[in-house]
Amino acid sequence: MTLMQEAKRGRVPGEIEAVAKREGIEPEKLAALVAAGRVVIPRNICRQGPRPTGIGEMLTVKVNVNVGTSQNLDNPQGEVEKALAAVAAGADAVMDLSTGGDLDALRRMILDAVSVPVGSVPIYNAAVKKDLTAQGMFNALEKHAKDGVDFVTVHVGVNKNTLERLALDPRVMGVVSRGGSLTMKYISETGEDNPYYSEYDYLLEIAKEYDLTLSLGDGLRPGCIEDASDRAKYMEFIMLGELVKRARAAGVQAMVEGPGHVPADEIETSVRAMKHLTDSAPLYLLGPLVTDIAPGYDHITAAMGGVIAGMAGADFLCATTPSEHLDLPTTDDVIEGTYITRIAAHAADLTRPGVREKARASDLQMARARAELDWNGQFDAAINPARAKQIRHRRGVETDTCTMCSELCAIRLAREAMNKGIGRQ
Ligand code: SF4
């Protein structure tokens, strides 16, 4: 029985208990959210031990980090190192997006190495093995499931119907999703529809067998500000809403992926529409980047969008690194992207129903330590204590204030004035 089927029967399996305890929510309430498909807890019956992680309503916003080889850069050990670095920096999940070298071996190395849920994109395997056929795509899906992957991206929304909308409303950048473009290649070369869409019931059978969570990919996500919020994107969401419903009916957990590049003033509408069209399925966003002109800083443009999206209801943010659009990320890029995305997720949590009180307690801890000029307390409360310590001590000047104001420390001067009775005179 899948986790969702158990929850539908009113049971509270261990994964739900564990997530409820960590998030501070009643286990029965969480089980009801899982049963309704509003929370997913990715798990695969073939994989033991990943930390149960809940994604969705009433839970903190989670962060995924992508790793993986490319056809130019194939260093499997380096990618495992990045995955471990991401988890050490607080990533809640890791996706292996490898397209270079021995994909099967690296996937298993990452699954063995990390303690968090692992996701993947099976169509890459089919493409790399030059078997971009319906059978090749399903073989890849089943292989990933057997290896123990906890969630898979399947670009089911890229099909003849949505592509017709795209053709009628052309974009500046067309399709920027790798999985989306591979699906288009399949459709254009065979004349057949996307097999993951046309044979969706079969896909659900495989997912059910392994209790695999589906991440319904946004193959038509806009790749630039000019293309945001167009008809193809919304058509894909209408389609994904239908497919979420079918997954839930089959007892398969499903979340939905979203864009991409979106101007700040369209993000809230976009997130609310996606939530509405998918009956509040957990929403996993790749960004959204709020401008196109900041290569080298796209971890920041994505974090800006991530905060707004998280405030509007997005549940899962995919980390963007400073290398986005430029190069395969280094380990340092991955660490930087993980922390920046965690900051965005936390900023959203400060406003998020069900979690804001707990999230605000961390900020209060920092504020109290700052008010006391308690440096160790500030490091303890910091999202990245090592970075805070390194900056604090880098000049070797040790004072009880910081070198910004030194003897003119506003906090200390104001406290001394208050202690002398100002305001009570
Ligand atoms: S020295 Fe200035 S910046 Fe540093 S803690 Fe005091 S008020 Fe804040």
# chains A, B, ... in the order shown; residues from 1 in each chain; ligands from 1
call {"tool": "residues_near_ligand", "arguments": {"ligand": "ligand 1", "cutoff": "8 Å", "atoms": "only C-alpha atoms and all ligand atoms", "output": "list in words"}}
result
Arg370, Ala371, Leu373, Thr401, Cys402, Thr403, Met404, Cys405, Ser406, Glu407, Leu408, Cys409, Ala410, Ile411 and Arg412 of chain A
call {"tool": "write_last_selection", "arguments": {"atoms": "all heavy atoms", "output": "short mmCIF file (atom, residue, chain, number, x, y, z; two decimals), in the first residue's frame"}}
result
data_model
loop_
_atom_site.label_atom_id
_atom_site.label_comp_id
_atom_site.auth_asym_id
_atom_site.auth_seq_id
_atom_site.Cartn_x
_atom_site.Cartn_y
_atom_site.Cartn_z
N ARG A 370 21.55 39.90 19.58
CA ARG A 370 22.08 41.18 19.08
C ARG A 370 21.92 42.28 20.12
O ARG A 370 22.82 43.09 20.33
CB ARG A 370 21.34 41.59 17.80
CG ARG A 370 21.85 40.87 16.59
CD ARG A 370 21.53 41.60 15.29
NE ARG A 370 22.13 40.84 14.20
CZ ARG A 370 21.46 40.41 13.13
NH1 ARG A 370 20.19 40.68 12.99
NH2 ARG A 370 22.09 39.73 12.21
N ALA A 371 20.75 42.30 20.74
CA ALA A 371 20.48 43.34 21.74
C ALA A 371 21.46 43.25 22.91
O ALA A 371 21.79 44.25 23.53
CB ALA A 371 19.04 43.22 22.24
N LEU A 373 24.55 42.15 22.56
CA LEU A 373 25.91 42.07 21.98
C LEU A 373 26.54 40.72 22.32
O LEU A 373 27.73 40.63 22.63
CB LEU A 373 26.78 43.23 22.46
CG LEU A 373 26.33 44.63 22.01
CD1 LEU A 373 27.19 45.71 22.67
CD2 LEU A 373 26.40 44.77 20.50
N THR A 401 31.75 45.33 20.67
CA THR A 401 30.84 45.78 19.61
C THR A 401 31.41 45.24 18.30
O THR A 401 32.33 44.44 18.31
CB THR A 401 30.80 47.33 19.55
OG1 THR A 401 32.09 47.79 19.16
CG2 THR A 401 30.41 47.91 20.89
N CYS A 402 30.88 45.68 17.17
CA CYS A 402 31.55 45.31 15.92
C CYS A 402 32.24 46.53 15.35
O CYS A 402 32.02 47.65 15.82
CB CYS A 402 30.59 44.66 14.94
SG CYS A 402 29.32 45.72 14.32
N THR A 403 33.08 46.35 14.36
CA THR A 403 33.90 47.45 13.86
C THR A 403 33.10 48.42 12.98
O THR A 403 33.65 49.38 12.46
CB THR A 403 35.09 46.90 13.04
OG1 THR A 403 34.58 45.97 12.09
CG2 THR A 403 36.09 46.22 13.94
N MET A 404 31.83 48.20 12.85
CA MET A 404 30.98 49.12 12.07
C MET A 404 30.85 50.46 12.81
O MET A 404 31.04 51.52 12.23
CB MET A 404 29.61 48.48 11.86
CG MET A 404 28.66 49.31 11.08
SD MET A 404 28.95 49.09 9.33
CE MET A 404 27.72 50.20 8.68
N CYS A 405 30.51 50.40 14.10
CA CYS A 405 30.29 51.63 14.86
C CYS A 405 31.26 51.77 16.04
O CYS A 405 31.38 52.85 16.61
CB CYS A 405 28.88 51.70 15.44
SG CYS A 405 27.59 51.18 14.35
N SER A 406 31.89 50.64 16.43
CA SER A 406 32.87 50.63 17.52
C SER A 406 32.31 51.29 18.79
O SER A 406 31.26 50.90 19.27
CB SER A 406 34.17 51.30 17.06
OG SER A 406 34.58 50.74 15.85
N GLU A 407 33.01 52.36 19.26
CA GLU A 407 32.58 53.02 20.51
C GLU A 407 31.21 53.69 20.36
O GLU A 407 30.57 54.04 21.34
CB GLU A 407 33.62 54.06 20.95
CG GLU A 407 34.93 53.45 21.46
CD GLU A 407 34.69 52.49 22.60
OE1 GLU A 407 34.05 52.89 23.59
OE2 GLU A 407 35.11 51.32 22.50
N LEU A 408 30.81 53.92 19.11
CA LEU A 408 29.51 54.57 18.89
C LEU A 408 28.41 53.54 18.63
O LEU A 408 27.45 53.80 17.92
CB LEU A 408 29.60 55.55 17.71
CG LEU A 408 30.63 56.68 17.88
CD1 LEU A 408 30.61 57.61 16.67
CD2 LEU A 408 30.32 57.51 19.14
N CYS A 409 28.57 52.38 19.22
CA CYS A 409 27.59 51.31 19.02
C CYS A 409 26.21 51.79 19.49
O CYS A 409 26.01 52.09 20.67
CB CYS A 409 28.01 50.07 19.83
SG CYS A 409 26.76 48.79 19.84
N ALA A 410 25.30 51.89 18.56
CA ALA A 410 23.97 52.43 18.87
C ALA A 410 23.26 51.59 19.91
O ALA A 410 22.60 52.13 20.82
CB ALA A 410 23.15 52.49 17.58
N ILE A 411 23.42 50.29 19.80
CA ILE A 411 22.72 49.41 20.74
C ILE A 411 23.20 49.69 22.17
O ILE A 411 22.40 49.84 23.09
CB ILE A 411 22.95 47.93 20.36
CG1 ILE A 411 22.23 47.63 19.05
CG2 ILE A 411 22.50 46.99 21.47
CD1 ILE A 411 22.53 46.26 18.46
N ARG A 412 24.52 49.83 22.33
CA ARG A 412 25.04 50.04 23.68
C ARG A 412 24.71 51.44 24.19
O ARG A 412 24.27 51.61 25.33
CB ARG A 412 26.56 49.82 23.69
CG ARG A 412 27.09 49.64 25.10
CD ARG A 412 28.52 49.20 25.11
NE ARG A 412 29.36 50.22 24.48
CZ ARG A 412 30.65 50.05 24.21
NH1 ARG A 412 31.23 48.90 24.48
NH2 ARG A 412 31.35 51.00 23.65
#
call {"tool": "residues_around", "arguments": {"residues": "Val290 in chain A", "least_positions_apart": "2", "cutoff": "9 Å", "atoms": "only C-alpha atoms", "output": "list in words"}}
result
Ile225, Gly260, His261, Val262, Pro263, Ala264, Ile267, Gly287, Pro288, Asp292, Thr301, Ala302, Ala303, Met304 and Gly305 of chain A
call {"tool": "write_last_selection", "arguments": {"atoms": "N, CA, C and O atoms", "output": "PDB file, in the first residue's frame"}}
result
ATOM      1  N   ILE A 225      11.594  36.910 -18.805  1.00  0.00           N
ATOM      2  CA  ILE A 225      10.507  37.755 -18.291  1.00  0.00           C
ATOM      3  C   ILE A 225       9.446  37.989 -19.371  1.00  0.00           C
ATOM      4  O   ILE A 225       8.249  37.953 -19.107  1.00  0.00           O
ATOM      5  N   GLY A 260      10.365  29.623 -12.860  1.00  0.00           N
ATOM      6  CA  GLY A 260      10.960  29.891 -14.159  1.00  0.00           C
ATOM      7  C   GLY A 260      11.438  31.344 -14.051  1.00  0.00           C
ATOM      8  O   GLY A 260      12.052  31.726 -13.082  1.00  0.00           O
ATOM      9  N   HIS A 261      11.081  32.154 -14.992  1.00  0.00           N
ATOM     10  CA  HIS A 261      11.372  33.601 -14.956  1.00  0.00           C
ATOM     11  C   HIS A 261      10.018  34.322 -14.927  1.00  0.00           C
ATOM     12  O   HIS A 261       9.223  34.173 -15.862  1.00  0.00           O
ATOM     13  N   VAL A 262       9.772  35.097 -13.885  1.00  0.00           N
ATOM     14  CA  VAL A 262       8.472  35.765 -13.731  1.00  0.00           C
ATOM     15  C   VAL A 262       8.699  37.138 -13.096  1.00  0.00           C
ATOM     16  O   VAL A 262       9.374  37.228 -12.062  1.00  0.00           O
ATOM     17  N   PRO A 263       8.146  38.230 -13.681  1.00  0.00           N
ATOM     18  CA  PRO A 263       8.312  39.524 -13.025  1.00  0.00           C
ATOM     19  C   PRO A 263       7.655  39.510 -11.643  1.00  0.00           C
ATOM     20  O   PRO A 263       6.648  38.822 -11.430  1.00  0.00           O
ATOM     21  N   ALA A 264       8.235  40.262 -10.721  1.00  0.00           N
ATOM     22  CA  ALA A 264       7.808  40.200  -9.315  1.00  0.00           C
ATOM     23  C   ALA A 264       6.303  40.415  -9.156  1.00  0.00           C
ATOM     24  O   ALA A 264       5.670  39.747  -8.336  1.00  0.00           O
ATOM     25  N   ILE A 267       4.118  37.171  -9.746  1.00  0.00           N
ATOM     26  CA  ILE A 267       4.393  35.909  -9.043  1.00  0.00           C
ATOM     27  C   ILE A 267       3.208  35.460  -8.182  1.00  0.00           C
ATOM     28  O   ILE A 267       2.797  34.295  -8.227  1.00  0.00           O
ATOM     29  N   GLY A 287      12.999  28.708  -9.226  1.00  0.00           N
ATOM     30  CA  GLY A 287      13.076  30.169  -9.146  1.00  0.00           C
ATOM     31  C   GLY A 287      11.938  30.633  -8.279  1.00  0.00           C
ATOM     32  O   GLY A 287      11.770  30.082  -7.182  1.00  0.00           O
ATOM     33  N   PRO A 288      11.092  31.526  -8.773  1.00  0.00           N
ATOM     34  CA  PRO A 288      11.178  32.221 -10.057  1.00  0.00           C
ATOM     35  C   PRO A 288      12.186  33.371 -10.021  1.00  0.00           C
ATOM     36  O   PRO A 288      12.245  34.114  -9.045  1.00  0.00           O
ATOM     37  N   ASP A 292      16.072  38.909 -15.944  1.00  0.00           N
ATOM     38  CA  ASP A 292      16.922  38.088 -16.815  1.00  0.00           C
ATOM     39  C   ASP A 292      18.361  38.610 -16.867  1.00  0.00           C
ATOM     40  O   ASP A 292      19.234  37.944 -17.436  1.00  0.00           O
ATOM     41  N   THR A 301      18.503  36.580  -7.711  1.00  0.00           N
ATOM     42  CA  THR A 301      17.240  36.903  -8.406  1.00  0.00           C
ATOM     43  C   THR A 301      16.202  35.809  -8.136  1.00  0.00           C
ATOM     44  O   THR A 301      15.007  36.093  -8.019  1.00  0.00           O
ATOM     45  N   ALA A 302      16.672  34.566  -8.004  1.00  0.00           N
ATOM     46  CA  ALA A 302      15.741  33.463  -7.708  1.00  0.00           C
ATOM     47  C   ALA A 302      15.244  33.543  -6.269  1.00  0.00           C
ATOM     48  O   ALA A 302      14.076  33.267  -5.989  1.00  0.00           O
ATOM     49  N   ALA A 303      16.131  33.931  -5.351  1.00  0.00           N
ATOM     50  CA  ALA A 303      15.717  34.028  -3.951  1.00  0.00           C
ATOM     51  C   ALA A 303      14.673  35.130  -3.774  1.00  0.00           C
ATOM     52  O   ALA A 303      13.718  34.978  -3.002  1.00  0.00           O
ATOM     53  N   MET A 304      14.844  36.233  -4.518  1.00  0.00           N
ATOM     54  CA  MET A 304      13.840  37.310  -4.433  1.00  0.00           C
ATOM     55  C   MET A 304      12.471  36.767  -4.845  1.00  0.00           C
ATOM     56  O   MET A 304      11.470  36.973  -4.162  1.00  0.00           O
ATOM     57  N   GLY A 305      12.449  36.066  -5.965  1.00  0.00           N
ATOM     58  CA  GLY A 305      11.187  35.479  -6.424  1.00  0.00           C
ATOM     59  C   GLY A 305      10.692  34.408  -5.471  1.00  0.00           C
ATOM     60  O   GLY A 305       9.487  34.264  -5.252  1.00  0.00           O
TER      61      GLY A 305
END
call {"tool": "atom_distance", "arguments": {"atom1": "CA of Gly354 in chain A", "atom2": "CA of Thr213 in chain A"}}
result
23.7 Å
call {"tool": "atom_distance", "arguments": {"atom1": "CA of Thr331 in chain A", "atom2": "CA of Leu111 in chain A"}}
result
18.1 Å
call {"tool": "closest_residue", "arguments": {"among": "A:Thr190, A:Asn66, A:Ser323, A:Gln378", "to": "Asp363 in chain A", "atoms": "only C-alpha atoms"}}
result
A:Gln378
call {"tool": "residues_around", "arguments": {"residues": "Lys358 in chain A", "least_positions_apart": "6", "cutoff": "10 Å", "atoms": "only C-alpha atoms", "output": "ChimeraX atom specification"}}
result
/A:23-24,60,349-350
call {"tool": "write_last_selection", "arguments": {"atoms": "N, CA and C atoms", "output": "compact mmCIF listing (two decimals), in the first residue's frame"}}
result
# COMPACT_ATOMS: atom_id res chain seq x y z
N GLU A 23 7.88 19.04 12.41
CA GLU A 23 7.22 20.29 12.00
C GLU A 23 6.30 20.85 13.08
N GLY A 24 6.06 20.05 14.13
CA GLY A 24 5.17 20.52 15.19
C GLY A 24 3.71 20.58 14.76
N THR A 60 6.95 23.93 6.74
CA THR A 60 7.96 24.90 6.31
C THR A 60 8.28 24.70 4.82
N ASP A 349 8.67 31.50 5.35
CA ASP A 349 8.10 30.85 6.55
C ASP A 349 7.66 31.85 7.60
N LEU A 350 8.34 33.00 7.67
CA LEU A 350 7.98 34.01 8.67
C LEU A 350 6.56 34.54 8.47
call {"tool": "closest_residue", "arguments": {"among": "A:Leu84, A:Leu204, A:Met173, A:Met239", "to": "Val156 in chain A", "atoms": "only C-alpha atoms"}}
result
A:Met239
call {"tool": "select_by_dssp", "arguments": {"residues": "range 194-232 of chain A", "states": "helix (DSSP H, G or I)", "output": "ChimeraX atom specification"}}
result
/A:195-198,200-210,225-227,231-232
call {"tool": "residues_around", "arguments": {"residues": "Tyr202 in chain A", "least_positions_apart": "3", "cutoff": "12 Å", "atoms": "only C-alpha atoms", "output": "VMD selection string"}}
result
chain A and resid 134 to 135 137 to 139 141 to 142 195 to 199 205 to 209 246 to 247 250
call {"tool": "closest_residue", "arguments": {"among": "A:Ile238, A:Met109, A:Ala309, A:Ala386", "to": "Gln77 in chain A", "atoms": "only C-alpha atoms"}}
result
A:Met109
